[in-house]
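J.: File protein-v4.txt below, compact mmCIF, C-alpha atoms and all ligand atoms:
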```txt
# COMPACT_ATOMS: atom_id res chain seq x y z
CA MET A 1 107.75 83.33 78.66
CA SER A 2 111.53 82.85 79.05
CA GLU A 3 112.91 81.81 82.42
CA LYS A 4 114.59 85.20 82.79
CA GLN A 5 111.28 87.01 82.58
CA ILE A 6 109.77 84.91 85.36
CA LYS A 7 109.92 86.98 88.53
CA ASN A 8 111.11 85.25 91.68
CA THR A 9 108.83 86.76 94.28
CA VAL A 10 108.73 86.93 98.07
CA ILE A 11 105.40 87.73 99.72
CA LEU A 12 105.64 89.20 103.19
CA GLY A 13 102.39 89.02 105.14
CA ALA A 14 101.03 86.42 102.71
CA THR A 15 98.21 85.45 105.10
CA GLY A 16 96.75 88.98 105.20
CA SER A 17 94.41 90.88 102.94
CA ILE A 18 97.19 92.25 100.70
CA GLY A 19 98.87 88.82 100.67
CA GLU A 20 95.65 87.14 99.60
CA SER A 21 95.05 89.59 96.74
CA THR A 22 98.68 89.22 95.61
CA LEU A 23 98.45 85.43 95.53
CA ASP A 24 95.19 85.64 93.61
CA ILE A 25 96.89 87.67 90.86
CA ILE A 26 99.90 85.36 90.82
CA ASP A 27 97.51 82.44 90.41
CA LYS A 28 95.97 84.18 87.39
CA ASN A 29 99.42 84.80 85.87
CA LYS A 30 101.23 81.57 86.78
CA ASN A 31 103.70 81.77 83.88
CA ARG A 32 105.08 85.13 85.10
CA PHE A 33 105.88 84.41 88.74
CA ASN A 34 107.71 81.93 90.90
CA VAL A 35 106.87 82.24 94.60
CA VAL A 36 110.22 81.85 96.40
CA ALA A 37 109.02 82.56 99.91
CA VAL A 38 105.91 83.50 101.89
CA SER A 39 105.70 84.85 105.42
CA GLY A 40 102.97 84.97 108.01
CA HIS A 41 102.75 85.55 111.72
CA LYS A 42 100.28 83.52 113.82
CA ASN A 43 97.89 82.18 111.18
CA ILE A 44 99.86 78.99 110.59
CA ASN A 45 97.02 76.97 109.05
CA LYS A 46 96.51 79.56 106.34
CA LEU A 47 100.25 79.69 105.72
CA VAL A 48 100.31 75.92 105.16
CA GLU A 49 97.37 76.12 102.74
CA ILE A 50 99.31 78.75 100.77
CA CYS A 51 102.36 76.46 100.71
CA LYS A 52 100.29 73.55 99.42
CA LYS A 53 99.05 75.65 96.53
CA PHE A 54 102.13 77.74 95.62
CA LYS A 55 104.96 75.37 96.68
CA PRO A 56 107.44 78.07 97.79
CA LYS A 57 111.04 77.18 98.59
CA TYR A 58 110.78 78.87 102.01
CA VAL A 59 108.00 79.56 104.46
CA VAL A 60 108.62 81.96 107.33
CA THR A 61 106.73 82.56 110.53
CA THR A 62 107.79 85.74 112.32
CA HIS A 63 106.01 84.44 115.44
CA THR A 64 108.73 82.18 116.84
CA ASN A 65 106.31 80.28 119.11
CA SER A 66 104.51 79.03 116.00
CA TYR A 67 107.66 77.52 114.46
CA LYS A 68 107.20 73.99 115.83
CA LYS A 69 103.59 73.74 114.75
CA LEU A 70 104.45 75.07 111.29
CA CYS A 71 107.22 72.42 110.90
CA GLU A 72 104.80 69.66 111.91
CA LEU A 73 102.13 70.79 109.45
CA ILE A 74 104.57 71.21 106.57
CA ASN A 75 105.90 67.69 107.27
CA LEU A 76 102.41 66.29 107.46
CA ALA A 77 101.62 67.86 104.08
CA LYS A 78 104.80 66.20 102.67
CA LEU A 79 106.05 69.50 101.23
CA ASP A 80 109.69 70.28 100.33
CA THR A 81 109.27 73.83 101.65
CA LEU A 82 111.95 74.84 104.18
CA VAL A 83 110.51 76.24 107.40
CA VAL A 84 112.19 79.34 108.80
CA SER A 85 111.37 81.43 111.83
CA GLY A 86 112.17 84.95 113.01
CA ALA A 87 112.32 88.51 111.74
CA ALA A 88 116.08 88.47 111.08
CA GLU A 89 115.74 85.36 108.90
CA LEU A 90 113.01 87.10 106.96
CA ASN A 91 115.45 89.90 106.14
CA THR A 92 117.98 87.35 104.87
CA ILE A 93 115.37 85.80 102.57
CA CYS A 94 114.45 89.19 101.09
CA GLN A 95 118.11 89.62 100.16
CA LEU A 96 118.74 86.20 98.56
CA PRO A 97 120.44 86.55 95.14
CA GLU A 98 117.66 84.56 93.46
CA VAL A 99 114.96 87.02 94.62
CA ASP A 100 113.74 89.64 92.10
CA MET A 101 110.90 91.29 93.95
CA VAL A 102 109.37 91.52 97.39
CA VAL A 103 105.73 92.31 98.16
CA ALA A 104 105.69 94.07 101.55
CA GLY A 105 102.28 93.18 103.01
CA ILE A 106 103.10 93.06 106.72
CA VAL A 107 101.00 95.39 108.85
CA GLY A 108 102.62 97.99 111.09
CA SER A 109 106.19 98.94 111.91
CA ALA A 110 106.93 95.20 112.34
CA GLY A 111 107.56 95.29 108.58
CA MET A 112 110.15 98.06 108.69
CA GLU A 113 113.31 95.94 108.76
CA SER A 114 112.25 93.63 105.93
CA VAL A 115 111.38 96.67 103.79
CA LEU A 116 114.80 98.14 104.49
CA ALA A 117 116.55 94.83 103.81
CA THR A 118 114.78 94.62 100.44
CA VAL A 119 115.89 98.02 99.19
CA GLN A 120 119.38 97.61 100.65
CA ALA A 121 119.75 94.56 98.41
CA GLY A 122 118.52 96.56 95.39
CA LYS A 123 115.43 94.40 94.87
CA ASP A 124 112.13 95.62 93.45
CA LEU A 125 109.95 96.58 96.39
CA LEU A 126 106.17 96.48 96.01
CA LEU A 127 105.16 98.42 99.06
CA ALA A 128 101.80 98.07 100.82
CA ASN A 129 103.26 98.35 104.33
CA LYS A 130 102.93 102.15 104.60
CA GLU A 131 103.93 102.17 108.29
CA ALA A 132 107.48 101.12 107.30
CA LEU A 133 107.80 104.31 105.29
CA VAL A 134 106.13 106.46 107.94
CA VAL A 135 108.62 105.25 110.54
CA ALA A 136 111.81 105.03 108.50
CA GLY A 137 111.07 107.04 105.36
CA ASN A 138 114.43 108.73 105.11
CA LEU A 139 116.39 105.48 105.66
CA VAL A 140 114.27 103.52 103.18
CA MET A 141 114.37 106.16 100.43
CA GLN A 142 118.09 106.78 100.86
CA ALA A 143 118.86 103.04 100.71
CA ALA A 144 116.61 102.63 97.65
CA ILE A 145 118.37 105.45 95.79
CA GLU A 146 121.85 104.23 96.74
CA ASN A 147 121.14 100.63 95.78
CA HIS A 148 119.05 101.35 92.66
CA ALA A 149 116.03 99.59 94.08
CA THR A 150 112.66 100.25 92.45
CA ILE A 151 109.78 101.08 94.78
CA ILE A 152 106.29 100.67 93.41
CA PRO A 153 103.67 101.69 95.95
CA LEU A 154 100.69 99.32 96.22
CA ASP A 155 98.62 101.58 98.42
CA SER A 156 95.86 102.47 95.96
CA GLU A 157 96.33 106.26 96.19
CA HIS A 158 100.11 106.20 95.77
CA ASN A 159 99.86 103.59 93.09
CA ALA A 160 97.40 105.89 91.27
CA LEU A 161 99.86 108.79 91.58
CA TYR A 162 102.68 106.57 90.36
CA GLN A 163 100.59 105.59 87.34
CA CYS A 164 100.19 109.32 86.54
CA LEU A 165 103.95 110.01 86.56
CA PRO A 166 106.17 109.71 83.48
CA ASP A 167 107.68 106.28 82.73
CA ASP A 168 111.20 107.55 83.42
CA TYR A 169 110.30 108.72 86.94
CA SER A 170 113.13 107.74 89.26
CA VAL A 171 112.79 106.60 92.86
CA GLY A 172 112.61 109.39 95.44
CA ALA A 173 112.64 112.28 92.95
CA THR A 174 110.19 115.17 93.11
CA PRO A 175 108.13 114.70 89.92
CA LYS A 176 109.00 117.23 87.21
CA ASN A 177 106.62 120.20 86.65
CA LEU A 178 104.37 119.07 89.46
CA LYS A 179 102.13 121.63 91.11
CA LYS A 180 100.56 119.39 93.74
CA ILE A 181 99.02 116.00 94.34
CA ILE A 182 95.53 115.21 95.58
CA LEU A 183 95.07 112.11 97.68
CA THR A 184 91.47 110.92 97.63
CA ALA A 185 89.89 109.49 100.75
CA SER A 186 86.66 107.56 101.05
CA GLY A 187 86.12 109.33 104.37
CA GLY A 188 85.61 105.95 106.03
CA PRO A 189 82.36 104.82 107.62
CA PHE A 190 81.84 107.98 109.71
CA TRP A 191 82.50 111.00 107.53
CA ASN A 192 78.78 111.81 107.58
CA ARG A 193 78.15 110.88 111.23
CA LYS A 194 77.57 113.57 113.89
CA LEU A 195 80.66 114.37 115.94
CA ASP A 196 78.79 114.24 119.26
CA THR A 197 78.10 110.51 118.71
CA PHE A 198 81.73 109.59 117.95
CA SER A 199 82.47 108.41 121.49
CA GLN A 200 79.84 105.65 121.07
CA ILE A 201 81.51 104.13 117.99
CA THR A 202 82.27 100.42 118.44
CA PRO A 203 85.17 98.46 116.86
CA GLU A 204 82.64 96.45 114.84
CA GLN A 205 81.14 99.63 113.34
CA ALA A 206 84.59 101.06 112.69
CA CYS A 207 85.79 97.89 110.93
CA ALA A 208 82.84 97.93 108.50
CA HIS A 209 84.34 100.00 105.70
CA PRO A 210 81.86 101.09 103.01
CA ASN A 211 84.09 100.46 99.97
CA TRP A 212 87.14 98.34 100.83
CA ASP A 213 87.59 94.97 102.52
CA MET A 214 90.83 95.24 104.54
CA GLY A 215 92.70 94.09 107.66
CA ARG A 216 91.45 95.34 111.06
CA LYS A 217 94.23 97.86 111.76
CA ILE A 218 93.89 99.75 108.46
CA SER A 219 90.09 99.63 108.80
CA ILE A 220 90.28 101.51 112.11
CA ASP A 221 92.83 103.89 110.60
CA SER A 222 90.37 104.60 107.78
CA ALA A 223 87.62 105.30 110.31
CA THR A 224 89.78 107.85 112.22
CA MET A 225 91.28 109.05 108.91
CA MET A 226 94.71 108.41 110.41
CA ASN A 227 95.07 106.19 107.36
CA LYS A 228 94.97 109.32 105.18
CA GLY A 229 97.36 110.99 107.62
CA LEU A 230 99.81 108.10 107.27
CA GLU A 231 99.31 108.30 103.50
CA ILE A 232 100.22 112.00 103.49
CA ILE A 233 103.47 110.99 105.20
CA GLU A 234 103.89 108.11 102.75
CA ALA A 235 103.48 110.51 99.80
CA HIS A 236 105.89 112.98 101.42
CA TRP A 237 108.64 110.32 101.42
CA LEU A 238 107.82 108.54 98.16
CA PHE A 239 107.59 111.66 96.00
CA ASN A 240 109.79 114.02 98.02
CA LEU A 241 107.02 116.56 98.63
CA GLY A 242 106.32 119.07 101.40
CA VAL A 243 102.88 119.09 103.06
CA GLU A 244 101.91 122.23 101.13
CA LYS A 245 101.96 120.13 97.93
CA ILE A 246 99.74 117.36 99.31
CA ASP A 247 95.96 117.90 99.33
CA VAL A 248 93.24 115.53 100.51
CA HIS A 249 89.77 115.33 98.93
CA VAL A 250 87.04 113.18 100.42
CA HIS A 251 85.60 111.14 97.55
CA PRO A 252 82.99 108.74 98.96
CA GLN A 253 82.71 106.62 95.77
CA SER A 254 86.42 105.52 95.88
CA ILE A 255 86.65 105.45 92.08
CA VAL A 256 89.20 108.22 91.46
CA HIS A 257 92.17 106.86 93.39
CA SER A 258 94.26 110.08 93.41
CA LEU A 259 95.32 112.93 91.11
CA VAL A 260 98.49 114.65 89.98
CA CYS A 261 98.22 118.37 89.14
CA TYR A 262 100.89 119.70 86.76
CA GLU A 263 102.15 123.27 86.25
CA ASP A 264 100.30 123.66 82.92
CA GLY A 265 96.90 123.07 84.55
CA SER A 266 96.62 119.42 83.49
CA VAL A 267 95.28 117.06 86.12
CA LEU A 268 95.93 113.34 85.63
CA ALA A 269 94.02 110.76 87.61
CA GLN A 270 93.73 107.00 87.78
CA LEU A 271 90.25 105.50 88.04
CA GLY A 272 89.03 102.00 88.72
CA GLU A 273 86.84 99.79 90.86
CA PRO A 274 87.85 99.86 94.53
CA ASP A 275 89.69 96.53 94.29
CA MET A 276 93.26 96.26 95.62
CA ARG A 277 94.08 93.73 92.90
CA ILE A 278 94.31 96.62 90.40
CA PRO A 279 97.22 98.47 92.09
CA ILE A 280 98.84 95.17 93.11
CA ALA A 281 98.73 93.86 89.53
CA TYR A 282 100.33 97.09 88.26
CA GLY A 283 103.10 96.58 90.79
CA LEU A 284 103.58 92.88 90.06
CA GLY A 285 103.70 93.62 86.33
CA LEU A 286 106.33 96.32 87.01
CA ARG A 287 104.14 98.75 85.08
CA ASP A 288 103.10 96.15 82.53
CA ARG A 289 99.34 95.75 82.74
CA ILE A 290 98.58 92.14 83.57
CA PRO A 291 95.18 90.55 84.31
CA SER A 292 94.05 91.31 87.87
CA GLY A 293 90.62 89.68 88.00
CA ALA A 294 89.03 93.03 88.93
CA LYS A 295 85.72 94.14 87.47
CA MET A 296 85.89 96.83 84.77
CA LEU A 297 84.71 100.25 85.92
CA ASP A 298 81.35 101.31 84.55
CA LEU A 299 81.01 105.09 84.89
CA ILE A 300 77.43 105.10 83.64
CA SER A 301 76.27 102.95 86.52
CA ALA A 302 78.58 104.77 88.96
CA LYS A 303 76.64 107.94 88.04
CA LYS A 304 78.14 110.37 90.54
CA LEU A 305 81.70 111.28 91.48
CA GLU A 306 81.73 113.65 94.46
CA PHE A 307 84.60 115.50 96.14
CA TYR A 308 84.63 117.33 99.50
CA SER A 309 87.11 119.00 101.80
CA PRO A 310 88.01 116.88 104.81
CA ASN A 311 86.63 117.83 108.24
CA TYR A 312 89.64 118.32 110.51
CA GLN A 313 87.49 118.72 113.62
CA LYS A 314 85.94 115.30 113.27
CA PHE A 315 89.21 113.75 112.12
CA PRO A 316 92.06 115.40 114.08
CA CYS A 317 94.46 112.59 113.12
CA LEU A 318 94.78 114.19 109.68
CA ALA A 319 96.21 117.38 111.18
CA LEU A 320 98.46 115.39 113.52
CA ALA A 321 100.09 113.65 110.57
CA LYS A 322 100.73 116.96 108.80
CA GLN A 323 102.24 118.38 111.98
CA ALA A 324 104.50 115.33 112.29
CA ILE A 325 105.92 116.02 108.81
CA GLU A 326 106.52 119.66 109.69
CA ILE A 327 108.26 118.73 112.95
CA GLY A 328 110.29 116.09 111.10
CA GLY A 329 112.82 113.64 112.58
CA THR A 330 111.35 111.00 114.88
CA ALA A 331 107.92 112.73 115.08
CA MET A 332 106.46 110.51 112.32
CA ALA A 333 107.77 107.30 113.93
CA ILE A 334 106.33 108.36 117.29
CA LEU A 335 102.95 109.12 115.76
CA ASN A 336 102.92 105.72 114.08
CA THR A 337 103.76 103.77 117.23
CA VAL A 338 101.27 105.62 119.43
CA ASN A 339 98.66 105.02 116.76
CA GLU A 340 99.41 101.27 116.50
CA VAL A 341 99.06 100.84 120.27
CA SER A 342 95.97 103.01 120.63
CA VAL A 343 94.22 101.30 117.69
CA GLU A 344 94.87 97.95 119.37
CA ALA A 345 93.52 99.34 122.66
CA PHE A 346 90.38 100.54 120.86
CA LEU A 347 89.93 97.12 119.21
CA ASN A 348 90.25 95.57 122.69
CA LYS A 349 87.64 98.03 123.98
CA GLN A 350 90.06 99.66 126.45
CA ILE A 351 89.58 103.18 125.08
CA ASN A 352 86.91 104.93 123.03
CA PHE A 353 87.13 106.03 119.40
CA MET A 354 88.06 109.68 120.04
CA ASP A 355 90.76 108.65 122.55
CA ILE A 356 92.87 107.41 119.63
CA ALA A 357 93.47 111.00 118.45
CA ILE A 358 93.70 112.38 122.00
CA ILE A 359 96.38 109.89 123.04
CA ASN A 360 98.30 110.50 119.81
CA GLN A 361 98.32 114.23 120.45
CA LYS A 362 99.22 113.88 124.12
CA ILE A 363 102.30 111.74 123.51
CA MET A 364 103.42 113.71 120.46
CA GLN A 365 103.57 116.82 122.64
CA LYS A 366 105.43 115.05 125.42
CA VAL A 367 108.32 113.35 123.66
CA GLU A 368 111.47 115.09 122.54
CA ILE A 369 112.05 114.85 118.78
CA GLU A 370 115.43 113.85 117.33
CA PRO A 371 116.78 113.39 113.83
CA VAL A 372 116.39 109.81 112.50
CA LYS A 373 119.84 108.24 112.26
CA SER A 374 119.58 104.47 112.45
CA VAL A 375 117.35 101.42 112.59
CA GLN A 376 118.60 100.70 116.09
CA GLN A 377 117.51 104.13 117.26
CA LEU A 378 114.03 103.59 115.73
CA LEU A 379 113.67 100.15 117.33
CA GLU A 380 114.57 101.52 120.78
CA LEU A 381 112.25 104.47 120.32
CA ASP A 382 109.46 102.10 119.26
CA SER A 383 109.66 100.04 122.48
CA GLU A 384 109.92 103.16 124.63
CA ILE A 385 106.85 104.77 123.00
CA ARG A 386 104.90 101.49 123.05
CA GLU A 387 105.38 101.26 126.82
CA MET A 388 104.54 104.93 127.33
CA THR A 389 101.34 104.58 125.28
CA ARG A 390 100.27 101.43 127.15
CA GLN A 391 100.70 103.39 130.37
CA VAL A 392 98.49 106.21 129.09
CA VAL A 393 95.91 103.62 127.95
CA ARG A 394 95.91 102.06 131.44
CA GLU A 395 95.45 105.48 133.07
CA ASN A 396 92.63 106.17 130.61
CA GLY A 397 90.80 102.87 131.18
P1 LIG A 401 96.22 92.15 107.52
O1 LIG A 401 96.02 92.33 108.97
O2 LIG A 401 95.13 91.54 106.71
O3 LIG A 401 97.55 91.26 107.27
C1 LIG A 401 98.74 91.56 107.92
C2 LIG A 401 99.82 90.54 107.62
O4 LIG A 401 100.96 90.88 108.45
C3 LIG A 401 99.44 89.09 107.97
O5 LIG A 401 100.05 88.24 107.04
C4 LIG A 401 100.06 88.89 109.35
O6 LIG A 401 100.38 87.53 109.60
C5 LIG A 401 101.33 89.73 109.25
N1 LIG A 401 101.77 90.21 110.57
C6 LIG A 401 101.01 90.69 111.57
N2 LIG A 401 101.78 91.04 112.62
C7 LIG A 401 103.05 90.78 112.26
C8 LIG A 401 104.31 90.91 112.93
N3 LIG A 401 104.41 91.40 114.17
N4 LIG A 401 105.43 90.54 112.27
C9 LIG A 401 105.35 90.07 111.00
N5 LIG A 401 104.20 89.89 110.34
C10 LIG A 401 103.06 90.26 110.96
O7 LIG A 401 96.63 93.57 106.94
P2 LIG A 401 96.43 94.14 105.47
O8 LIG A 401 95.11 94.82 105.39
O9 LIG A 401 96.78 93.10 104.46
O10 LIG A 401 97.51 95.32 105.45
C11 LIG A 401 98.89 95.06 105.26
C12 LIG A 401 99.59 96.39 104.97
O11 LIG A 401 99.11 96.91 103.74
C13 LIG A 401 99.30 97.47 106.02
O12 LIG A 401 100.44 98.26 106.20
C14 LIG A 401 98.20 98.31 105.38
O13 LIG A 401 98.22 99.64 105.81
C15 LIG A 401 98.59 98.20 103.91
N6 LIG A 401 97.45 98.38 102.99
C16 LIG A 401 96.42 97.51 103.00
C17 LIG A 401 95.35 97.68 102.15
C18 LIG A 401 94.20 96.70 102.12
O14 LIG A 401 93.30 96.87 101.32
N7 LIG A 401 94.18 95.68 102.94
C19 LIG A 401 95.33 98.80 101.30
C20 LIG A 401 96.41 99.67 101.30
C21 LIG A 401 97.48 99.46 102.14
MG MG A 402 95.24 103.74 100.69
```
Could I get this file's structure written as structure tokens?
T.:
Amino acid sequence: MSEKQIKNTVILGATGSIGESTLDIIDKNKNRFNVVAVSGHKNINKLVEICKKFKPKYVVTTHTNSYKKLCELINLAKLDTLVVSGAAELNTICQLPEVDMVVAGIVGSAGMESVLATVQAGKDLLLANKEALVVAGNLVMQAAIENHATIIPLDSEHNALYQCLPDDYSVGATPKNLKKIILTASGGPFWNRKLDTFSQITPEQACAHPNWDMGRKISIDSATMMNKGLEIIEAHWLFNLGVEKIDVHVHPQSIVHSLVCYEDGSVLAQLGEPDMRIPIAYGLGLRDRIPSGAKMLDLISAKKLEFYSPNYQKFPCLALAKQAIEIGGTAMAILNTVNEVSVEAFLNKQINFMDIAIINQKIMQKVEIEPVKSVQQLLELDSEIREMTRQVVRENG
């Protein structure tokens, strides 16, 4: 492989679940990638282990209090890797001329600025960090179009949709001759559980996803189905679609990862084992299909593929996300922030499972919605809503 074909890659959130799967694929395709930089937050030991193996030029901790310890450990390991700290520095690294692509694997709106920086610099963005798009969808898509940045979604559903679009599909366009899309949802661990027992759900039960092994925040989002709600918003921005063109089918087997329905009645779908390395490999290969390490799907042993309508009564977060799109402006950012704080409160056992949706609805109704104009506005709104939600959590507890 010529040096020009080797992709200089930055991995944001390298210590997380998406980061780990990404590094596993890179390890299997060493001749295609050069890891320029990796970032992590508080898990410094894991970050150092990654540096020992992948020898990046830069390592970033976004948790400034961990900077000193990270420097000491990198020194101790006798690595040439430069240690950097802070969110602003992370943005600079995403924009370095030598960087070709950035894997956005940070969880939550904390990843928003690095996602924006990536597309502003016209780099290839491999996007797992759906919250960045939920919060700042219009800014990210506009910057990507203006700067000719490619966005390949890594979220399995959106990656499946992307795989079902024509090769010449351009960023942010409404796909040609499209009737609608269908996002599949596993339904999470509770889609079959009785609603009157929902208030007894514990964080441990909610984190135990039947099909996917993921970080804690997205696991709770899957259990409330807010994850699907956020994904409806993600699809709205990525493919420029109104809510009326986005359907959700509960598909407990998680084998059909999503479907595109075209005007002529054709329905295209992408199938595969529920293994995030498949969508990540498609992204890393920039549509070239490179080895991912995933098991090959065996439909004979899978036997059954089932599809159901979602239950909006059990999972009110789904409807909240659709409403947020219809309201527009800052409504989606508000929903995301309230959700991040209430999920954390549930994980800390301060509120019960159903309170997540109740608090989301309560604050959505209370706050005045404005058009999204700038990153600064979104950052200020985020701290205001975080404080407001913490207050509601305290009153609730
Ligand atoms: P995770 O919790 O396993 O990892 C999160 C990463 O973000 C870690 O590297 C952590 O150090 C970093 N991080 C945490 N807080 C941070 C902060 N304040 N500033 C900067 N970095 C911070 O999460 P994950 O499951 O890998 O998910 C990452 C993103 O990918 C999420 O947006 C999630 O919705 C999306 N996603 C994940 C999966 C999956 O299977 N895990 C699937 C689809 C989409
Ligand atoms: Mg998904």
J.: May I ask which of the residues A:Tyr58, A:Phe198, A:Phe307, A:Trp212 is the closest one to ligand LIG 401 (chain A), counting only C-alpha atoms and all ligand atoms?
T.: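 Checking each of A:Tyr58, A:Phe198, A:Phe307, A:Trp212 against ligand LIG 401 (chain A), counting only C-alpha atoms and all ligand atoms, the winner is A:Trp212.
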J.: Around ligand MG 402 (chain A), which protein and nucleic acid residues have at least one atom no more than 9 Å from it, if we count only C-alpha atoms and all ligand atoms? List them as a list of chain:residue names.
T.: A:Ala128, A:Lys130, A:Leu154, A:Asp155, A:Ser156, A:Glu157, A:His158, A:Asn159, A:Leu183, A:Thr184, A:Ala185, A:Ile218, A:Ser222, A:Asn227, A:Lys228, A:Glu231, A:His257
J.: Counting all atoms listed in the file, figure out which residue out of A:Leu47, A:Ala333, A:Ala173, A:Cys164 gets nearest to Glu20 (chain A).
T.: A:Leu47
J.: For region 7-17 of chain A, please output as a JSON list (two decimals) with C-alpha atoms, in the frame of the given file all residues within 9 Å (counting all atoms listed in the file; exclusion window: fewer than 3 positions along the same chain).
T.:
```
[["chain", "number", "residue", "atom", "x", "y", "z"],
["A", 3, "GLU", "CA", 112.91, 81.81, 82.42],
["A", 4, "LYS", "CA", 114.59, 85.20, 82.79],
["A", 20, "GLU", "CA", 95.65, 87.14, 99.60],
["A", 21, "SER", "CA", 95.05, 89.59, 96.74],
["A", 22, "THR", "CA", 98.68, 89.22, 95.61],
["A", 23, "LEU", "CA", 98.45, 85.43, 95.53],
["A", 32, "ARG", "CA", 105.08, 85.13, 85.10],
["A", 33, "PHE", "CA", 105.88, 84.41, 88.74],
["A", 34, "ASN", "CA", 107.71, 81.93, 90.90],
["A", 35, "VAL", "CA", 106.87, 82.24, 94.60],
["A", 36, "VAL", "CA", 110.22, 81.85, 96.40],
["A", 37, "ALA", "CA", 109.02, 82.56, 99.91],
["A", 38, "VAL", "CA", 105.91, 83.50, 101.89],
["A", 39, "SER", "CA", 105.70, 84.85, 105.42],
["A", 40, "GLY", "CA", 102.97, 84.97, 108.01],
["A", 41, "HIS", "CA", 102.75, 85.55, 111.72],
["A", 43, "ASN", "CA", 97.89, 82.18, 111.18],
["A", 44, "ILE", "CA", 99.86, 78.99, 110.59],
["A", 46, "LYS", "CA", 96.51, 79.56, 106.34],
["A", 47, "LEU", "CA", 100.25, 79.69, 105.72],
["A", 50, "ILE", "CA", 99.31, 78.75, 100.77],
["A", 56, "PRO", "CA", 107.44, 78.07, 97.79],
["A", 60, "VAL", "CA", 108.62, 81.96, 107.33],
["A", 90, "LEU", "CA", 113.01, 87.10, 106.96],
["A", 93, "ILE", "CA", 115.37, 85.80, 102.57],
["A", 94, "CYS", "CA", 114.45, 89.19, 101.09],
["A", 98, "GLU", "CA", 117.66, 84.56, 93.46],
["A", 99, "VAL", "CA", 114.96, 87.02, 94.62],
["A", 100, "ASP", "CA", 113.74, 89.64, 92.10],
["A", 101, "MET", "CA", 110.90, 91.29, 93.95],
["A", 102, "VAL", "CA", 109.37, 91.52, 97.39],
["A", 103, "VAL", "CA", 105.73, 92.31, 98.16],
["A", 104, "ALA", "CA", 105.69, 94.07, 101.55],
["A", 105, "GLY", "CA", 102.28, 93.18, 103.01],
["A", 106, "ILE", "CA", 103.10, 93.06, 106.72],
["A", 107, "VAL", "CA", 101.00, 95.39, 108.85],
["A", 111, "GLY", "CA", 107.56, 95.29, 108.58],
["A", 114, "SER", "CA", 112.25, 93.63, 105.93],
["A", 213, "ASP", "CA", 87.59, 94.97, 102.52],
["A", 214, "MET", "CA", 90.83, 95.24, 104.54],
["A", 215, "GLY", "CA", 92.70, 94.09, 107.66],
["A", 284, "LEU", "CA", 103.58, 92.88, 90.06]]
```
J.: Which of these residues is nearest to ligand LIG 401 (chain A), using all atoms listed in the file: A:Leu82, A:Met276, A:Ala321, A:Leu116?
T.: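 Nearest candidate to ligand LIG 401 (chain A) out of A:Leu82, A:Met276, A:Ala321, A:Leu116: A:Met276.
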